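As structure tokens, the structure follows; a few thoughts come after it.
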Amino acid sequence: MKRTRIITLLASDHALDNVLIKGWVKTRRDAKDFSFIEVNDGSCLQNIQVVADQGLANFEAIKKLSTGSAIAVEGIMRPSPGKGQKWEVHAASAVIISVAGDDYPLQKKRHTDEFLRTISHLRPRTNKYGAAFRIRSKLSYAIHRFFQERGFAYIHTPILTGSDCEGAGELFQVTALNLENPPKTAGKIDYSQDFFGRPANLTVSGQLEAEMFALALGDVYTFGPTFRAENSNTSRHAAEFWMVEPEMAFCDLSDDMDLAETFVRHLVTYALDHCREDLSLFAEFVDKTLMDTLETVATKSFIRVPYTEALAILNRSGQHFNFEVSFGTDLQTEHERYLAETHFKQPVIIYDYPRTLKPFYMRVNDDGKTVAAMDVIVPRIGEIIGGSQREERLDVLKGRMAETGVPPKDLWWYLDSRRFGSVPHSGFGLGFERLIMLVTGISNIRDVIPFPRTPGNIEF
RNA sequence: UCCCCAGUAGCUCAGUCGGCAGAGCAGGUGGCUGUUAACCACCGUGUCCGUGGUUCGAGUCCGCGCUGGGGAGCCA
């Protein structure tokens with residue numbers, strides 16, 4: 001007999017004569033002649049109540065079942081006379097698959113996120129983390145569906161990269177050399193003897209490679225891990241995180257912003273439509289304002305303000321900021337939060353930033369002072385998307401590389417794309433974990449990725 | 001990397017003015033009960049983060065370090 005998932009059983013509109021469930025004991029309560037066992041199999045947030053009575057051959061062993069133990073129960077699913085659940089399974093047989101010892105760290109009570117991080121291998125068994133990772137999976141699927149339905153091709157850009165000039169933070173170097181005793185010439189490490197014959201790193205972005213494919217297949221996207229060796233210790237940064245990077249040919253900044261907005265609103269709507277039960281946990285226990293926030297993101301169009309207009313809003317706000325703003329200064333977290341949380345109270349797209357603040361590949365605007373860049377700022381999280389129209393003019397691009405100190409010879413292939421059939425194109429990067437934070441209300445990035453990597457932390 | 005806060009039982013925390021180490025939950029035993037984070041009674045639990053110092057005496061005060069959290073920078 002095949003097991004039926006609990007999510008399927010609970011959705012049934014009629015009793016079932018013979019069912020088999022397999023799962024883990026969440027909690028157990030004893031009554032006079034039987035034991036109530038709450039079983040969860042991870043298919044959904046809810047447990048199913050199993051009623052095990054003294055007619056079972058192994059009833060004495062069943063009564064000793066501890067939280068975390070695994071069982072298989074065969075029996076009849078029928079309406080529950082008790083309050084709190086529609087169905088319950090009366091066990092005709094209950095096989096104990098394995099017993100969790102009394103040192104099982106997860107108790108029938110709420111644990112702190114900090115403690116659960118120390119047992120990342122067990123935390124998906126909790127209600128909260130189970131729900132978070134089911135949502136993460138659903139949204140991954142929604143991302144692929146969103147792009148595939150719109151004719152985008154999924155591109156697997158390399159994880160290992162030879163270019164060290166992608167301009168997005170510190171890199172993790174990758175080597176096959178013996179670090180205890182590396183080969184040297186003239187006192188310097190001889191990378192010609194390394195695996196690739198030159199230094200290599202983990203990618204910080206698939207953008208440059210994705211651009212090559214946008215200029216061939218039209219509309220493309222990437223969805224994969226990226227790595228930053230920044231010594232960042234915040235609730236919004238991880239050394240390994242997942243990024244979604246669409247790239248579109250024949251697309252300007254306005255089209256790019258349109259897609260970014262449609263994308264975020266679509267994903268939030270998808271979560272509201274497909275993750276209701278799991279979201280309800282977060283709305284109740286994690287962030288009471290979650291549903292309002294998600295409804296706002298899903299239904300209201302995003303405000304779009306040029307950088308200079310954002311400065312004007314900040315300067316006439318009467319608000320005290322620790323950092324003053326004027327043209328050429330980067331917006332600090334306090335400014336972004338003021339705009340998204342206090343002034344507009346909804347997602348905001350800020351665009352046309354000073355060229356001095358942005359990397360070489362962003363397209364220079366006609367004013368010569370700004371570039372066609374945009375950031376999507378959402379309440380509570382801050383920047384969730386960063387993107388731009390790319391500089392398609394070869395001479396301007398070369399000028400920008402010189403200006404920002406990027407050596408053209410390392411990116412000869414990138415420059416080639418501007419030499420042969422260059423067209424206006426645009427793209428952006430969405431931080432997948434930040435999206436999950438937005439959707440769940442979870443406030444620390446370490447709690448939305450299965451096994452987080454942060455400075456000094458690579459256990460598991 | 002910088003600023004601030006914290007570290008006491010398996011977990012969450014209290015510990016006053018420097019004077020014998022505490023509670024709730026979890027766990028164990030027994031009872032009760034179609035139960036709902038069940039309930040009642042009883043029982044056990046400590047490198048007070050580490051290290052050096054001040055003191056008759058340090059969980060408590062001081063220095064250094066480690067770990068965790070919040071904030072900032074960097075960014076997604």
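Ordered as shown in the structure tokens, chains take letters A, B, and onward, while each chain numbers its residues from 1 and ligands are numbered from 1 in the order shown.
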
| said: I need the residues of segment 117-214 of chain A that end up classed as alpha helix (DSSP H) by DSSP on the backbone, written out as a ChimeraX atom specification. | reply: /A:117,127-149,207-214

Proximal residues of chain B relative to chain A (only C-alpha atoms (C1' of nucleotides); 8 Å) as an mmCIF file with C-alpha atoms (C1' of nucleotides), in the first residue's frame:
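Wrote selection-v4.cif, looks like this:
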data_model
loop_
_atom_site.group_PDB
_atom_site.id
_atom_site.type_symbol
_atom_site.label_atom_id
_atom_site.label_comp_id
_atom_site.auth_asym_id
_atom_site.auth_seq_id
_atom_site.Cartn_x
_atom_site.Cartn_y
_atom_site.Cartn_z
ATOM 1 C "C1'" U B 1 35.308 46.236 9.393
ATOM 2 C "C1'" G B 10 18.483 20.576 27.430
ATOM 3 C "C1'" C B 11 15.368 25.424 26.015
ATOM 4 C "C1'" U B 12 13.559 30.516 27.676
ATOM 5 C "C1'" C B 25 9.107 24.702 30.089
ATOM 6 C "C1'" A B 26 11.401 20.126 28.398
ATOM 7 C "C1'" G B 27 12.844 15.119 30.575
ATOM 8 C "C1'" U B 33 -8.687 12.349 31.263
ATOM 9 C "C1'" G B 34 -12.049 12.257 23.416
ATOM 10 C "C1'" U B 35 -7.250 14.976 24.265
ATOM 11 C "C1'" U B 36 -5.800 20.111 21.622
ATOM 12 C "C1'" A B 37 1.350 23.794 23.411
ATOM 13 C "C1'" A B 38 -3.883 18.669 27.917
ATOM 14 C "C1'" G B 68 25.596 35.442 19.502
ATOM 15 C "C1'" C B 74 29.316 47.097 1.248
ATOM 16 C "C1'" C B 75 25.068 45.216 -1.727
ATOM 17 C "C1'" A B 76 20.975 41.402 -3.810
#

| said: Residues within 8 Å of segment 47-54 of chain B, please, as a list in words. Count only C-alpha atoms (C1' of nucleotides); anything in the same chain fewer than 3 positions from it doesn't count. | reply: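 Here the qualifying residues turn out to be G7, U8, G59, C61, C62, G63, C64, G65, C66 and U67 of chain B.
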
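What separates atom CA of Pro246 of chain A from atom CA of Leu438 of chain A is a distance of 19.9 Å.
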
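Atom CA of Ala271 of chain A sits 22.8 Å away from atom CA of Ser12 of chain A.
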
| task | Could you give me, as JSON, numbers by chain, the residues within 12 Å of Thr342 of chain A, counting only C-alpha atoms (C1' of nucleotides) and dropping anything in the same chain fewer than 4 positions from it? | result | {"A": [313, 314, 317, 319, 334, 335, 336, 337, 338, 346, 347, 348, 378, 379, 380]}

| Shell of 12 Å around G31 of chain B, only C-alpha atoms (C1' of nucleotides), local chain residues under 2 positions omitted, as number ranges by chain | A: 32; B: 29, 33, 39-42

| note | Expressed in Å, the length from atom CA of His121 of chain A to atom CA of Glu459 of chain A is 9.7 Å

| Ile48 of chain A environment, 7 Å, only C-alpha atoms (C1' of nucleotides), sequence neighbours closer than 2 positions dropped, as a VMD selection string | chain A and resid 6 38 to 40 46 50 88

Limited to all heavy atoms, could you put the picked residues into a file as a PDB file, in the first residue's frame?
ATOM      1  N   ILE A   6      -0.280  13.858   3.963  1.00  0.00           N
ATOM      2  CA  ILE A   6      -1.250  14.442   4.888  1.00  0.00           C
ATOM      3  C   ILE A   6      -2.008  15.594   4.236  1.00  0.00           C
ATOM      4  O   ILE A   6      -3.212  15.760   4.442  1.00  0.00           O
ATOM      5  CB  ILE A   6      -0.543  14.861   6.189  1.00  0.00           C
ATOM      6  CG1 ILE A   6      -0.135  13.588   6.960  1.00  0.00           C
ATOM      7  CG2 ILE A   6      -1.431  15.750   7.045  1.00  0.00           C
ATOM      8  CD1 ILE A   6       0.838  13.805   8.086  1.00  0.00           C
ATOM      9  N   GLU A  38      -0.098  13.439  17.149  1.00  0.00           N
ATOM     10  CA  GLU A  38      -0.090  14.427  16.062  1.00  0.00           C
ATOM     11  C   GLU A  38       1.049  14.067  15.128  1.00  0.00           C
ATOM     12  O   GLU A  38       2.215  14.081  15.526  1.00  0.00           O
ATOM     13  CB  GLU A  38       0.142  15.833  16.623  1.00  0.00           C
ATOM     14  CG  GLU A  38      -0.949  16.307  17.551  1.00  0.00           C
ATOM     15  CD  GLU A  38      -1.965  17.195  16.858  1.00  0.00           C
ATOM     16  OE1 GLU A  38      -1.721  17.590  15.708  1.00  0.00           O
ATOM     17  OE2 GLU A  38      -3.002  17.469  17.477  1.00  0.00           O
ATOM     18  N   VAL A  39       0.720  13.748  13.887  1.00  0.00           N
ATOM     19  CA  VAL A  39       1.734  13.334  12.923  1.00  0.00           C
ATOM     20  C   VAL A  39       1.853  14.372  11.818  1.00  0.00           C
ATOM     21  O   VAL A  39       0.852  14.873  11.308  1.00  0.00           O
ATOM     22  CB  VAL A  39       1.383  11.953  12.316  1.00  0.00           C
ATOM     23  CG1 VAL A  39       2.431  11.547  11.287  1.00  0.00           C
ATOM     24  CG2 VAL A  39       1.276  10.910  13.416  1.00  0.00           C
ATOM     25  N   ASN A  40       3.092  14.692  11.474  1.00  0.00           N
ATOM     26  CA  ASN A  40       3.357  15.645  10.398  1.00  0.00           C
ATOM     27  C   ASN A  40       4.306  14.977   9.405  1.00  0.00           C
ATOM     28  O   ASN A  40       5.267  14.319   9.813  1.00  0.00           O
ATOM     29  CB  ASN A  40       4.000  16.912  10.978  1.00  0.00           C
ATOM     30  CG  ASN A  40       4.154  18.008   9.943  1.00  0.00           C
ATOM     31  OD1 ASN A  40       5.055  17.960   9.110  1.00  0.00           O
ATOM     32  ND2 ASN A  40       3.285  18.999   9.991  1.00  0.00           N
ATOM     33  N   GLN A  46      -0.158  21.661   8.662  1.00  0.00           N
ATOM     34  CA  GLN A  46      -1.014  20.951   9.610  1.00  0.00           C
ATOM     35  C   GLN A  46      -0.556  19.524   9.880  1.00  0.00           C
ATOM     36  O   GLN A  46      -0.002  18.851   9.017  1.00  0.00           O
ATOM     37  CB  GLN A  46      -2.441  20.890   9.041  1.00  0.00           C
ATOM     38  CG  GLN A  46      -3.272  22.098   9.365  1.00  0.00           C
ATOM     39  CD  GLN A  46      -4.736  21.823   9.051  1.00  0.00           C
ATOM     40  OE1 GLN A  46      -5.148  21.911   7.910  1.00  0.00           O
ATOM     41  NE2 GLN A  46      -5.489  21.463  10.072  1.00  0.00           N
ATOM     42  N   VAL A  50      -3.777  11.151  14.928  1.00  0.00           N
ATOM     43  CA  VAL A  50      -3.939   9.707  14.889  1.00  0.00           C
ATOM     44  C   VAL A  50      -4.478   9.252  16.244  1.00  0.00           C
ATOM     45  O   VAL A  50      -3.987   9.693  17.292  1.00  0.00           O
ATOM     46  CB  VAL A  50      -2.592   9.009  14.606  1.00  0.00           C
ATOM     47  CG1 VAL A  50      -2.707   7.500  14.825  1.00  0.00           C
ATOM     48  CG2 VAL A  50      -2.132   9.296  13.181  1.00  0.00           C
ATOM     49  N   GLU A  88      -9.600  12.575  11.569  1.00  0.00           N
ATOM     50  CA  GLU A  88      -8.577  11.889  12.348  1.00  0.00           C
ATOM     51  C   GLU A  88      -8.457  10.467  11.814  1.00  0.00           C
ATOM     52  O   GLU A  88      -9.379   9.940  11.190  1.00  0.00           O
ATOM     53  CB  GLU A  88      -8.929  11.880  13.840  1.00  0.00           C
ATOM     54  CG  GLU A  88     -10.212  11.136  14.173  1.00  0.00           C
ATOM     55  CD  GLU A  88     -10.628  11.325  15.633  1.00  0.00           C
ATOM     56  OE1 GLU A  88     -10.165  12.293  16.268  1.00  0.00           O
ATOM     57  OE2 GLU A  88     -11.414  10.501  16.124  1.00  0.00           O
TER      58      GLU A  88
END

| query | With only C-alpha atoms as the atoms that count, which of A:Thr67, A:His320, A:Asp292, A:Ile96 lies nearest to Lys22 of chain A? | reply | A:Ile96

| message | Applying 9 Å and only C-alpha atoms (C1' of nucleotides), which residues near Leu279 of chain A remain after dropping the ones on its own chain fewer than 3 positions away? List them as a list in words. | response |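 Near Leu279 of chain A, the qualifying residues are Ala131, Ala132, Ile135, Ala271, Leu272, Cys275, Arg276, Phe282, Ala283, Glu284, Leu290, Met291, Val439 and Thr440 of chain A.
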
Restricting it to N, CA and C atoms, dump the selection as a compact mmCIF listing (two decimals), in the first residue's frame.
# COMPACT_ATOMS: atom_id res chain seq x y z
N ALA A 131 7.43 25.79 6.91
CA ALA A 131 6.59 26.70 6.12
C ALA A 131 7.47 27.59 5.24
N ALA A 132 8.55 28.13 5.82
CA ALA A 132 9.42 29.04 5.06
C ALA A 132 10.02 28.33 3.85
N ILE A 135 7.50 27.64 1.10
CA ILE A 135 7.27 28.88 0.34
C ILE A 135 8.43 29.16 -0.60
N ALA A 271 2.31 33.88 -4.13
CA ALA A 271 2.40 33.39 -2.75
C ALA A 271 1.03 33.48 -2.07
N LEU A 272 0.34 34.62 -2.27
CA LEU A 272 -0.98 34.78 -1.66
C LEU A 272 -1.95 33.72 -2.17
N CYS A 275 0.17 29.79 -1.22
CA CYS A 275 0.83 29.46 0.06
C CYS A 275 0.02 29.99 1.24
N ARG A 276 -1.27 30.03 1.12
CA ARG A 276 -2.13 30.63 2.14
C ARG A 276 -1.87 30.08 3.54
N PHE A 282 3.06 32.93 9.43
CA PHE A 282 3.90 34.12 9.53
C PHE A 282 3.06 35.35 9.91
N ALA A 283 1.85 35.42 9.37
CA ALA A 283 0.97 36.55 9.68
C ALA A 283 0.59 36.54 11.16
N GLU A 284 0.51 35.35 11.75
CA GLU A 284 0.11 35.27 13.15
C GLU A 284 1.28 35.43 14.11
N LEU A 290 1.84 41.48 8.04
CA LEU A 290 2.30 40.83 6.80
C LEU A 290 1.26 40.86 5.69
N MET A 291 0.02 40.49 6.00
CA MET A 291 -0.99 40.40 4.95
C MET A 291 -1.26 41.75 4.30
N VAL A 439 8.16 38.18 1.63
CA VAL A 439 6.92 37.40 1.57
C VAL A 439 6.56 36.77 2.92
N THR A 440 7.58 36.40 3.70
CA THR A 440 7.30 35.71 4.97
C THR A 440 7.33 36.63 6.19

| query | Which parts of segment 14-48 of chain A does DSSP call strand (DSSP E or B) when run on the backbone here, written out as a ChimeraX atom specification? | reply | /A:16-30,34-40,48

Can you write just those residues out, C-alpha atoms, as a PDB file, in the first residue's frame?
ATOM      1  CA  LEU A  16     -11.610   7.048   3.753  1.00  0.00           C
ATOM      2  CA  ASP A  17     -11.673   3.369   4.620  1.00  0.00           C
ATOM      3  CA  ASN A  18      -8.062   2.470   4.378  1.00  0.00           C
ATOM      4  CA  VAL A  19      -5.186   4.934   4.420  1.00  0.00           C
ATOM      5  CA  LEU A  20      -1.460   4.730   5.098  1.00  0.00           C
ATOM      6  CA  ILE A  21       0.386   7.730   6.481  1.00  0.00           C
ATOM      7  CA  LYS A  22       4.078   8.045   7.283  1.00  0.00           C
ATOM      8  CA  GLY A  23       5.560  10.915   9.206  1.00  0.00           C
ATOM      9  CA  TRP A  24       7.062  12.268  12.398  1.00  0.00           C
ATOM     10  CA  VAL A  25       5.439  12.636  15.805  1.00  0.00           C
ATOM     11  CA  LYS A  26       4.952  16.293  16.714  1.00  0.00           C
ATOM     12  CA  THR A  27       3.299  15.641  20.041  1.00  0.00           C
ATOM     13  CA  ARG A  28       1.292  12.992  21.796  1.00  0.00           C
ATOM     14  CA  ARG A  29      -1.462  13.163  24.407  1.00  0.00           C
ATOM     15  CA  ASP A  30      -2.800  10.263  26.371  1.00  0.00           C
ATOM     16  CA  PHE A  34      -5.931   5.490  23.798  1.00  0.00           C
ATOM     17  CA  SER A  35      -3.302   7.937  22.733  1.00  0.00           C
ATOM     18  CA  PHE A  36      -3.657  10.942  20.418  1.00  0.00           C
ATOM     19  CA  ILE A  37      -0.642  11.319  18.160  1.00  0.00           C
ATOM     20  CA  GLU A  38      -0.090  14.427  16.062  1.00  0.00           C
ATOM     21  CA  VAL A  39       1.734  13.334  12.923  1.00  0.00           C
ATOM     22  CA  ASN A  40       3.357  15.645  10.398  1.00  0.00           C
ATOM     23  CA  ILE A  48      -3.079  14.839  11.259  1.00  0.00           C
TER      24      ILE A  48
END

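For the residues A:Asp410, A:Asp273, A:Asp278, A:Asp352, ranking by smallest atom-to-atom distance to Val305 of chain A using only C-alpha atoms places A:Asp352 first.
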